[in-house]
$ cat my_file_32.txt   # compact mmCIF, C-alpha atoms
# COMPACT_ATOMS: atom_id res chain seq x y z
CA MET O 1440 0.00 0.00 0.00
CA ALA O 1441 1.41 3.38 -1.00
CA LYS O 1442 0.26 6.82 -0.02
CA ILE O 1443 -0.16 9.61 -2.52
CA VAL O 1444 0.10 12.96 -0.78
CA VAL O 1445 -1.35 16.15 -2.24
CA GLU O 1446 -0.32 19.42 -0.62
CA VAL O 1447 -2.35 22.50 -1.46
CA MET O 1448 -1.18 26.03 -0.63
CA LEU O 1449 -2.66 29.46 -1.28
CA LYS O 1450 -0.68 31.29 -3.96
CA PRO O 1451 1.87 33.68 -2.41
CA GLU O 1452 -0.07 36.75 -3.55
CA ILE O 1453 -3.32 35.56 -1.92
CA LEU O 1454 -3.83 36.85 1.60
CA ASP O 1455 -3.76 34.07 4.24
CA PRO O 1456 -5.49 35.45 7.36
CA GLN O 1457 -5.21 32.11 9.21
CA GLY O 1458 -1.47 31.93 8.63
CA LYS O 1459 -1.11 35.52 9.80
CA ALA O 1460 -3.09 34.76 12.96
CA VAL O 1461 -0.82 31.78 13.70
CA ALA O 1462 2.26 33.94 13.05
CA ALA O 1463 0.91 36.50 15.53
CA ALA O 1464 0.13 33.84 18.17
CA LEU O 1465 3.58 32.17 18.15
CA PRO O 1466 5.57 35.04 19.73
CA ARG O 1467 2.87 35.47 22.37
CA LEU O 1468 3.76 31.90 23.47
CA GLY O 1469 7.48 32.64 23.47
CA PHE O 1470 8.23 31.09 20.05
CA THR O 1471 10.11 33.80 18.22
CA PHE O 1472 11.53 31.93 15.22
CA ALA O 1473 8.81 32.63 12.62
CA GLN O 1474 9.25 35.38 10.04
CA SER O 1475 5.88 34.40 8.55
CA VAL O 1476 3.46 31.46 8.46
CA ARG O 1477 1.34 30.18 5.58
CA GLN O 1478 -1.31 27.56 6.23
CA GLY O 1479 -2.29 24.92 3.67
CA LYS O 1480 -4.05 21.58 3.23
CA ARG O 1481 -2.67 18.06 2.98
CA PHE O 1482 -4.57 15.14 1.45
CA GLU O 1483 -3.40 11.55 2.03
CA ILE O 1484 -4.71 9.12 -0.56
CA GLU O 1485 -4.06 5.39 -0.13
CA VAL O 1486 -3.70 3.24 -3.25
CA ASP O 1487 -2.85 -0.42 -3.86
CA GLY O 1488 0.77 -1.00 -4.92
CA ASP O 1489 3.18 1.55 -6.27
CA PRO O 1490 1.41 4.37 -8.10
CA THR O 1491 2.08 4.47 -11.83
CA PRO O 1492 2.87 7.73 -13.66
CA ALA O 1493 -0.61 7.46 -15.20
CA GLN O 1494 -2.20 7.24 -11.74
CA LEU O 1495 -0.22 10.25 -10.55
CA ALA O 1496 -1.31 12.18 -13.63
CA GLU O 1497 -4.90 11.25 -12.80
CA VAL O 1498 -4.44 12.50 -9.22
CA SER O 1499 -3.12 15.78 -10.64
CA ARG O 1500 -6.20 16.08 -12.84
CA ALA O 1501 -8.46 15.34 -9.87
CA THR O 1502 -6.61 17.95 -7.82
CA GLU O 1503 -7.03 20.62 -10.50
CA THR O 1504 -10.71 19.71 -10.74
CA LEU O 1505 -11.70 19.35 -7.08
CA LEU O 1506 -9.02 19.30 -4.37
CA ALA O 1507 -7.49 22.67 -5.28
CA ASN O 1508 -8.84 25.84 -6.86
CA PRO O 1509 -6.15 26.83 -9.41
CA VAL O 1510 -7.43 30.43 -9.29
CA ILE O 1511 -6.04 30.90 -5.77
CA GLU O 1512 -4.04 27.76 -4.95
CA THR O 1513 -0.99 25.78 -6.06
CA PHE O 1514 -0.37 22.10 -5.31
CA VAL O 1515 2.21 19.33 -5.37
CA VAL O 1516 1.58 15.60 -5.71
CA LYS O 1517 4.09 13.18 -4.18
CA VAL O 1518 4.32 9.54 -3.10
CA GLU O 1519 5.08 8.38 0.44
CA LYS O 1520 5.84 4.73 1.23
CA MET A 1126 -41.87 34.66 -14.85
CA LYS A 1127 -40.53 31.62 -13.07
CA VAL A 1128 -37.38 32.03 -11.00
CA GLY A 1129 -35.81 28.87 -9.58
CA VAL A 1130 -34.09 28.68 -6.20
CA VAL A 1131 -31.69 25.80 -5.71
CA THR A 1132 -31.57 23.99 -2.39
CA PHE A 1133 -28.28 22.24 -1.68
CA PRO A 1134 -27.64 20.23 1.49
CA GLY A 1135 -26.74 23.05 3.87
CA SER A 1136 -28.45 25.91 2.02
CA LEU A 1137 -29.89 28.39 4.51
CA ASP A 1138 -31.38 31.27 2.60
CA ASP A 1139 -33.42 29.43 -0.02
CA ARG A 1140 -36.72 30.24 1.70
CA ASP A 1141 -35.89 33.93 2.04
CA ALA A 1142 -34.81 33.99 -1.61
CA ALA A 1143 -38.11 32.40 -2.66
CA ARG A 1144 -40.03 34.92 -0.55
CA ALA A 1145 -38.07 37.78 -2.13
CA ILE A 1146 -38.82 36.45 -5.62
CA ARG A 1147 -42.56 36.39 -4.80
CA ALA A 1148 -42.31 39.90 -3.31
CA GLY A 1149 -40.70 40.98 -6.58
CA GLY A 1150 -43.69 39.71 -8.55
CA SER A 1151 -42.37 36.42 -9.96
CA ASP A 1152 -43.13 32.78 -9.18
CA ALA A 1153 -40.51 31.02 -7.06
CA ILE A 1154 -39.77 27.46 -8.17
CA ALA A 1155 -37.91 25.13 -5.81
CA LEU A 1156 -35.00 23.34 -7.50
CA TRP A 1157 -33.13 20.44 -5.89
CA HIS A 1158 -29.36 19.94 -6.08
CA ASP A 1159 -29.70 16.29 -7.08
CA ASP A 1160 -32.20 16.93 -9.91
CA ALA A 1161 -30.78 18.21 -13.20
CA ASP A 1162 -34.27 19.27 -14.35
CA LEU A 1163 -34.69 23.06 -14.18
CA HIS A 1164 -38.51 22.74 -14.50
CA GLY A 1165 -38.74 25.41 -17.19
CA VAL A 1166 -37.52 28.32 -15.07
CA ASP A 1167 -36.54 31.61 -16.75
CA ALA A 1168 -33.83 32.48 -14.23
CA VAL A 1169 -32.10 30.91 -11.24
CA ILE A 1170 -30.95 32.10 -7.82
CA LEU A 1171 -28.23 30.20 -5.94
CA PRO A 1172 -28.93 31.12 -2.31
CA GLY A 1173 -26.66 31.64 0.67
CA GLY A 1174 -25.76 29.11 3.31
CA PHE A 1175 -23.14 26.46 3.88
CA SER A 1176 -23.71 23.97 1.07
CA TYR A 1177 -21.98 20.66 1.78
CA GLY A 1178 -20.81 22.17 5.06
CA ASP A 1179 -18.34 24.41 3.20
CA TYR A 1180 -16.11 21.31 3.16
CA LEU A 1181 -12.92 21.55 1.09
CA ARG A 1182 -13.67 25.12 -0.06
CA CYS A 1183 -16.94 27.04 -0.05
CA GLY A 1184 -18.91 25.95 -3.11
CA ALA A 1185 -16.29 23.44 -4.30
CA ILE A 1186 -18.51 20.38 -3.95
CA SER A 1187 -21.83 22.05 -4.83
CA ARG A 1188 -20.33 23.06 -8.15
CA PHE A 1189 -20.53 19.38 -9.23
CA ALA A 1190 -24.17 18.83 -8.17
CA PRO A 1191 -26.37 17.52 -11.02
CA VAL A 1192 -28.43 20.73 -11.07
CA MET A 1193 -25.28 22.79 -11.64
CA GLY A 1194 -24.55 21.01 -14.94
CA SER A 1195 -27.89 22.27 -16.28
CA ILE A 1196 -27.42 25.74 -14.78
CA ILE A 1197 -23.91 26.17 -16.24
CA GLU A 1198 -25.17 25.15 -19.68
CA LYS A 1199 -28.15 27.54 -19.55
CA ALA A 1200 -26.09 30.37 -18.05
CA ASN A 1201 -23.63 30.07 -20.92
CA SER A 1202 -26.52 30.57 -23.34
CA GLY A 1203 -27.82 33.66 -21.51
CA MET A 1204 -30.16 32.57 -18.71
CA PRO A 1205 -29.95 35.06 -15.80
CA VAL A 1206 -28.34 33.58 -12.70
CA LEU A 1207 -27.85 35.37 -9.36
CA GLY A 1208 -25.57 33.85 -6.74
CA ILE A 1209 -25.82 35.34 -3.27
CA CYS A 1210 -23.04 34.73 -0.73
CA ASN A 1211 -22.52 30.93 -0.90
CA GLY A 1212 -24.16 31.16 -4.34
CA PHE A 1213 -21.47 33.66 -5.40
CA GLN A 1214 -18.83 31.22 -4.13
CA ILE A 1215 -20.43 28.41 -6.16
CA LEU A 1216 -20.46 30.60 -9.32
CA CYS A 1217 -16.73 31.28 -8.89
CA GLU A 1218 -15.97 27.61 -8.31
CA SER A 1219 -18.05 26.83 -11.45
CA HIS A 1220 -15.93 29.32 -13.42
CA LEU A 1221 -19.09 31.16 -14.46
CA LEU A 1222 -17.52 34.12 -12.65
CA PRO A 1223 -13.80 34.88 -12.33
CA GLY A 1224 -11.82 35.06 -9.10
CA ALA A 1225 -12.53 33.42 -5.77
CA LEU A 1226 -13.93 34.29 -2.34
CA THR A 1227 -11.43 33.75 0.45
CA GLN A 1228 -11.46 34.06 4.21
CA ASN A 1229 -12.32 37.51 5.58
CA GLN A 1230 -9.20 39.53 6.26
CA GLY A 1231 -10.13 40.00 9.94
CA LEU A 1232 -10.85 36.23 10.33
CA HIS A 1233 -14.24 36.99 11.88
CA PHE A 1234 -17.58 35.85 10.56
CA LEU A 1235 -19.38 39.12 9.82
CA CYS A 1236 -23.08 39.68 10.31
CA THR A 1237 -23.97 43.34 9.95
CA PRO A 1238 -25.98 45.82 7.89
CA GLN A 1239 -23.62 46.96 5.11
CA THR A 1240 -23.80 49.93 2.76
CA ILE A 1241 -23.03 49.08 -0.87
CA ARG A 1242 -23.13 51.17 -4.03
CA ILE A 1243 -24.78 49.80 -7.18
CA GLU A 1244 -22.37 50.52 -10.03
CA ASN A 1245 -23.89 48.66 -12.96
CA THR A 1246 -27.63 48.84 -13.64
CA SER A 1247 -27.53 47.06 -17.00
CA THR A 1248 -27.65 43.47 -15.68
CA PRO A 1249 -31.04 41.71 -15.48
CA TRP A 1250 -30.67 41.73 -11.68
CA THR A 1251 -29.98 45.47 -11.26
CA THR A 1252 -32.09 47.31 -13.88
CA ASP A 1253 -34.49 48.70 -11.28
CA PHE A 1254 -31.69 50.50 -9.39
CA LYS A 1255 -30.50 54.02 -10.09
CA GLN A 1256 -26.85 54.13 -11.12
CA GLY A 1257 -24.75 54.89 -8.05
CA ALA A 1258 -27.58 54.12 -5.59
CA GLU A 1259 -26.32 53.44 -2.07
CA ILE A 1260 -28.27 50.74 -0.26
CA VAL A 1261 -28.04 48.98 3.11
CA ILE A 1262 -28.45 45.18 3.18
CA PRO A 1263 -27.07 42.48 5.50
CA LEU A 1264 -23.54 41.16 5.01
CA LYS A 1265 -23.07 37.76 6.70
CA ASN A 1266 -20.19 35.52 5.78
CA GLY A 1267 -16.83 34.17 6.81
CA GLU A 1268 -15.33 33.81 3.35
CA GLY A 1269 -16.29 37.00 1.56
CA SER A 1270 -12.98 38.47 0.50
CA PHE A 1271 -13.01 38.73 -3.29
CA GLN A 1272 -9.62 37.90 -4.77
CA CYS A 1273 -8.38 37.64 -8.36
CA ASP A 1274 -5.21 38.37 -10.30
CA ASP A 1275 -4.35 41.90 -11.49
CA GLN A 1276 -5.29 41.18 -15.10
CA THR A 1277 -8.77 39.91 -14.12
CA LEU A 1278 -9.28 42.88 -11.81
CA ALA A 1279 -8.36 45.32 -14.59
CA ALA A 1280 -10.78 43.57 -16.96
CA LEU A 1281 -13.63 43.64 -14.41
CA GLU A 1282 -13.08 47.36 -13.84
CA SER A 1283 -12.64 48.40 -17.47
CA GLU A 1284 -15.64 46.36 -18.65
CA GLY A 1285 -17.92 47.76 -15.91
CA ARG A 1286 -18.42 44.32 -14.43
CA VAL A 1287 -18.14 45.43 -10.80
CA ILE A 1288 -21.86 45.65 -10.13
CA ALA A 1289 -21.63 46.62 -6.43
CA ARG A 1290 -18.94 47.95 -4.14
CA TYR A 1291 -18.68 48.28 -0.35
CA VAL A 1292 -18.98 51.86 0.88
CA GLY A 1293 -16.74 52.99 3.74
CA GLU A 1294 -14.21 50.73 5.41
CA ASN A 1295 -13.38 47.50 3.59
CA PRO A 1296 -15.27 44.86 5.62
CA ASN A 1297 -13.38 41.76 4.50
CA GLY A 1298 -10.31 42.63 2.42
CA SER A 1299 -12.03 42.30 -0.99
CA ARG A 1300 -9.92 43.74 -3.80
CA ASN A 1301 -11.15 47.20 -4.87
CA LEU A 1302 -13.99 46.92 -2.30
CA ILE A 1303 -15.81 44.53 -4.62
CA ALA A 1304 -19.15 43.29 -3.27
CA GLY A 1305 -20.51 41.88 -6.53
CA ILE A 1306 -19.49 41.19 -10.13
CA SER A 1307 -21.01 39.94 -13.37
CA ASN A 1308 -19.78 37.77 -16.22
CA ALA A 1309 -18.87 39.41 -19.54
CA ARG A 1310 -22.38 38.94 -20.91
CA GLY A 1311 -23.96 40.38 -17.75
CA ASN A 1312 -26.50 37.60 -17.18
CA VAL A 1313 -24.56 35.92 -14.35
CA VAL A 1314 -24.19 38.03 -11.21
CA GLY A 1315 -22.53 37.17 -7.89
CA LEU A 1316 -23.18 39.23 -4.79
CA MET A 1317 -21.70 38.74 -1.31
CA PRO A 1318 -24.25 40.69 0.80
CA HIS A 1319 -27.85 39.47 1.09
CA PRO A 1320 -30.61 41.46 -0.66
CA GLU A 1321 -33.14 38.68 0.06
CA HIS A 1322 -32.96 39.50 3.78
CA ALA A 1323 -33.82 43.16 3.12
CA ILE A 1324 -37.10 43.25 1.24
CA ASP A 1325 -39.36 44.33 4.10
CA PRO A 1326 -38.48 46.70 6.99
CA LEU A 1327 -40.34 44.36 9.35
CA THR A 1328 -37.79 41.58 8.89
CA GLY A 1329 -34.68 43.35 7.59
CA PRO A 1330 -32.68 46.52 8.16
CA THR A 1331 -34.33 48.10 5.09
CA ALA A 1332 -36.28 47.10 1.98
CA ASP A 1333 -33.30 48.12 -0.16
CA GLY A 1334 -32.75 44.61 -1.51
CA LEU A 1335 -36.12 44.32 -3.25
CA PRO A 1336 -35.05 45.90 -6.59
CA PHE A 1337 -32.80 42.88 -7.27
CA PHE A 1338 -35.98 40.80 -7.41
CA THR A 1339 -38.17 43.28 -9.29
CA SER A 1340 -35.32 43.88 -11.78
CA ILE A 1341 -35.41 40.32 -13.04
CA LEU A 1342 -39.11 40.69 -13.86
CA SER A 1343 -38.62 44.10 -15.52
CA ALA A 1344 -35.65 42.82 -17.50
CA MET A 1345 -37.37 39.68 -18.78
CA VAL A 1346 -40.79 41.18 -19.43
CA GLY A 1347 -39.34 44.34 -20.95
CA LYS A 1348 -37.53 42.26 -23.61
$ encode --input "my_file_32.txt" --output "structure tokens"
Amino acid sequence: MAKIVVEVMLKPEILDPQGKAVAAALPRLGFTFAQSVRQGKRFEIEVDGDPTPAQLAEVSRATETLLANPVIETFVVKVEK
Amino acid sequence: MKVGVVTFPGSLDDRDAARAIRAGGSDAIALWHDDADLHGVDAVILPGGFSYGDYLRCGAISRFAPVMGSIIEKANSGMPVLGICNGFQILCESHLLPGALTQNQGLHFLCTPQTIRIENTSTPWTTDFKQGAEIVIPLKNGEGSFQCDDQTLAALESEGRVIARYVGENPNGSRNLIAGISNARGNVVGLMPHPEHAIDPLTGPTADGLPFFTSILSAMVGK
């Protein structure tokens, strides 16, 4: 069983109020390392066996169609064992 | 005139939209998300709410409901469609309108009477307004910040497709204070604030929203 992971992030130019709120909360808790924070989504998709290039291409198509909105978001598809 | 109102799982404002349509002089026809049949309606309203729980992104799942296939096809051939709040989000996810609605800049869910200015009175949903009219209707959403790239924004502005703009302080971070836009043809309109909640001073802050619902009758009958 392999895991296909899709990570979706807002494009850099799109305002991310949640990320900004997290970035503002960290120093209040004494964590001072963050210059900025962006928050995204991660999808874990289990498939039988090693994914083929065709399967990965299909996942990319599904991501463009449903999982991500290409108007405001970018994504990467990768495989985790 | 028959104006359809779609109910998705999680729609909230379908009944108010139907009431507003009747107050505007048309017949309100209930449409169901899982039924591709539009029952011969002349126009459609996608109401506000939290269709499919706003899961994934607001409107992302509703956009693939069977009824939306029929609505997208008809909208592309000129049928008037008005999306209010969640309906606006669904229209953007359907690519009937450009851009996207993202989380309010201040992170808060807003629920407040909001002044907007009507900037385009040539759409079938705004013909009964005076150009530049300032009206007060409820704004209630968490993801109402209109975002798009610079090129799209320039096109919306130069083609007069910003149909309504927030007046005063920007409530949610929308680019250029945009509260509502139309497609290039003008038949598809998305609006973030809620005119259907402001058709009668007894139940809303004003009756300023009513012209959206009389406009559709004037526009279709006047043809």
$ interface_residues --input "my_file_32.txt" --of "chain A" --to "chain O" --cutoff "9 Å" --atoms "all atoms listed in the file" --output "list of chain:residue names"
A:Leu1181, A:Arg1182, A:Ala1185, A:Ile1186, A:Glu1218, A:Pro1223, A:Gly1224, A:Ala1225, A:Thr1227, A:Gln1228, A:Asn1229, A:Gln1230, A:Gly1231, A:Leu1232, A:Gln1272, A:Cys1273, A:Asp1274, A:Gly1298
$ closest_residue --input "my_file_32.txt" --among "O:Ala1462, O:Glu1446, O:Val1518, O:Glu1512" --to "Val1486 of chain O" --atoms "all atoms listed in the file"
O:Val1518
$ residues_near_point --input "my_file_32.txt" --point "(-15.8, 45.9, -14.1)" --cutoff "10 Å" --atoms "all atoms listed in the file" --output "ChimeraX atom specification"
/A:1244-1245,1277-1289,1303,1305-1309
$ write_last_selection --input "my_file_32.txt" --atoms "C-alpha atoms" --output "mmCIF file, in the frame of the given file"
data_model
loop_
_atom_site.group_PDB
_atom_site.id
_atom_site.type_symbol
_atom_site.label_atom_id
_atom_site.label_comp_id
_atom_site.auth_asym_id
_atom_site.auth_seq_id
_atom_site.Cartn_x
_atom_site.Cartn_y
_atom_site.Cartn_z
ATOM 1 C CA GLU A 1244 -22.370 50.520 -10.030
ATOM 2 C CA ASN A 1245 -23.890 48.660 -12.960
ATOM 3 C CA THR A 1277 -8.770 39.910 -14.120
ATOM 4 C CA LEU A 1278 -9.280 42.880 -11.810
ATOM 5 C CA ALA A 1279 -8.360 45.320 -14.590
ATOM 6 C CA ALA A 1280 -10.780 43.570 -16.960
ATOM 7 C CA LEU A 1281 -13.630 43.640 -14.410
ATOM 8 C CA GLU A 1282 -13.080 47.360 -13.840
ATOM 9 C CA SER A 1283 -12.640 48.400 -17.470
ATOM 10 C CA GLU A 1284 -15.640 46.360 -18.650
ATOM 11 C CA GLY A 1285 -17.920 47.760 -15.910
ATOM 12 C CA ARG A 1286 -18.420 44.320 -14.430
ATOM 13 C CA VAL A 1287 -18.140 45.430 -10.800
ATOM 14 C CA ILE A 1288 -21.860 45.650 -10.130
ATOM 15 C CA ALA A 1289 -21.630 46.620 -6.430
ATOM 16 C CA ILE A 1303 -15.810 44.530 -4.620
ATOM 17 C CA GLY A 1305 -20.510 41.880 -6.530
ATOM 18 C CA ILE A 1306 -19.490 41.190 -10.130
ATOM 19 C CA SER A 1307 -21.010 39.940 -13.370
ATOM 20 C CA ASN A 1308 -19.780 37.770 -16.220
ATOM 21 C CA ALA A 1309 -18.870 39.410 -19.540
#
$ closest_residue --input "my_file_32.txt" --among "A:Lys1265, A:His1158, A:His1164, A:Arg1147" --to "Phe1189 of chain A" --atoms "only C-alpha atoms"
A:His1158
$ residues_around --input "my_file_32.txt" --residues "Asp1487 of chain O" --least-positions-apart "6" --cutoff "10 Å" --atoms "all atoms listed in the file" --output "list in words"
Met1440, Ala1441 and Lys1442 of chain O
$ residues_around --input "my_file_32.txt" --residues "Val1445 of chain O" --least-positions-apart "6" --cutoff "7 Å" --atoms "only C-alpha atoms" --output "PyMOL selection string"
chain O and resi 1481-1483+1514-1517
$ residues_near_point --input "my_file_32.txt" --point "(-13.4, 44.8, -1.9)" --cutoff "10 Å" --atoms "all atoms listed in the file" --output "PyMOL selection string"
chain A and resi 1269-1272+1289-1292+1294-1305
$ atom_distance --input "my_file_32.txt" --atom1 "atom CA of Lys1255 of chain A" --atom2 "atom CA of Ser1340 of chain A"
11.4 Å
$ residues_around --input "my_file_32.txt" --residues "Gly1208 of chain A" --least-positions-apart "5" --cutoff "12 Å" --atoms "only C-alpha atoms" --output "number ranges by chain"
A: 1129-1131, 1138-1139, 1142, 1168-1174, 1184, 1196, 1200, 1213-1219, 1221-1222, 1250, 1304-1308, 1312-1321, 1337
$ residues_around --input "my_file_32.txt" --residues "Phe1133 of chain A" --least-positions-apart "4" --cutoff "8 Å" --atoms "only C-alpha atoms" --output "ChimeraX atom specification"
/A:1157-1158,1176-1177,1187
$ atom_distance --input "my_file_32.txt" --atom1 "atom CA of Gly1347 of chain A" --atom2 "atom CA of Ile1243 of chain A"
20.8 Å
$ closest_residue --input "my_file_32.txt" --among "A:Leu1137, A:Phe1175, A:Glu1198, A:Asp1167" --to "Ile1154 of chain A" --atoms "all atoms listed in the file"
A:Asp1167
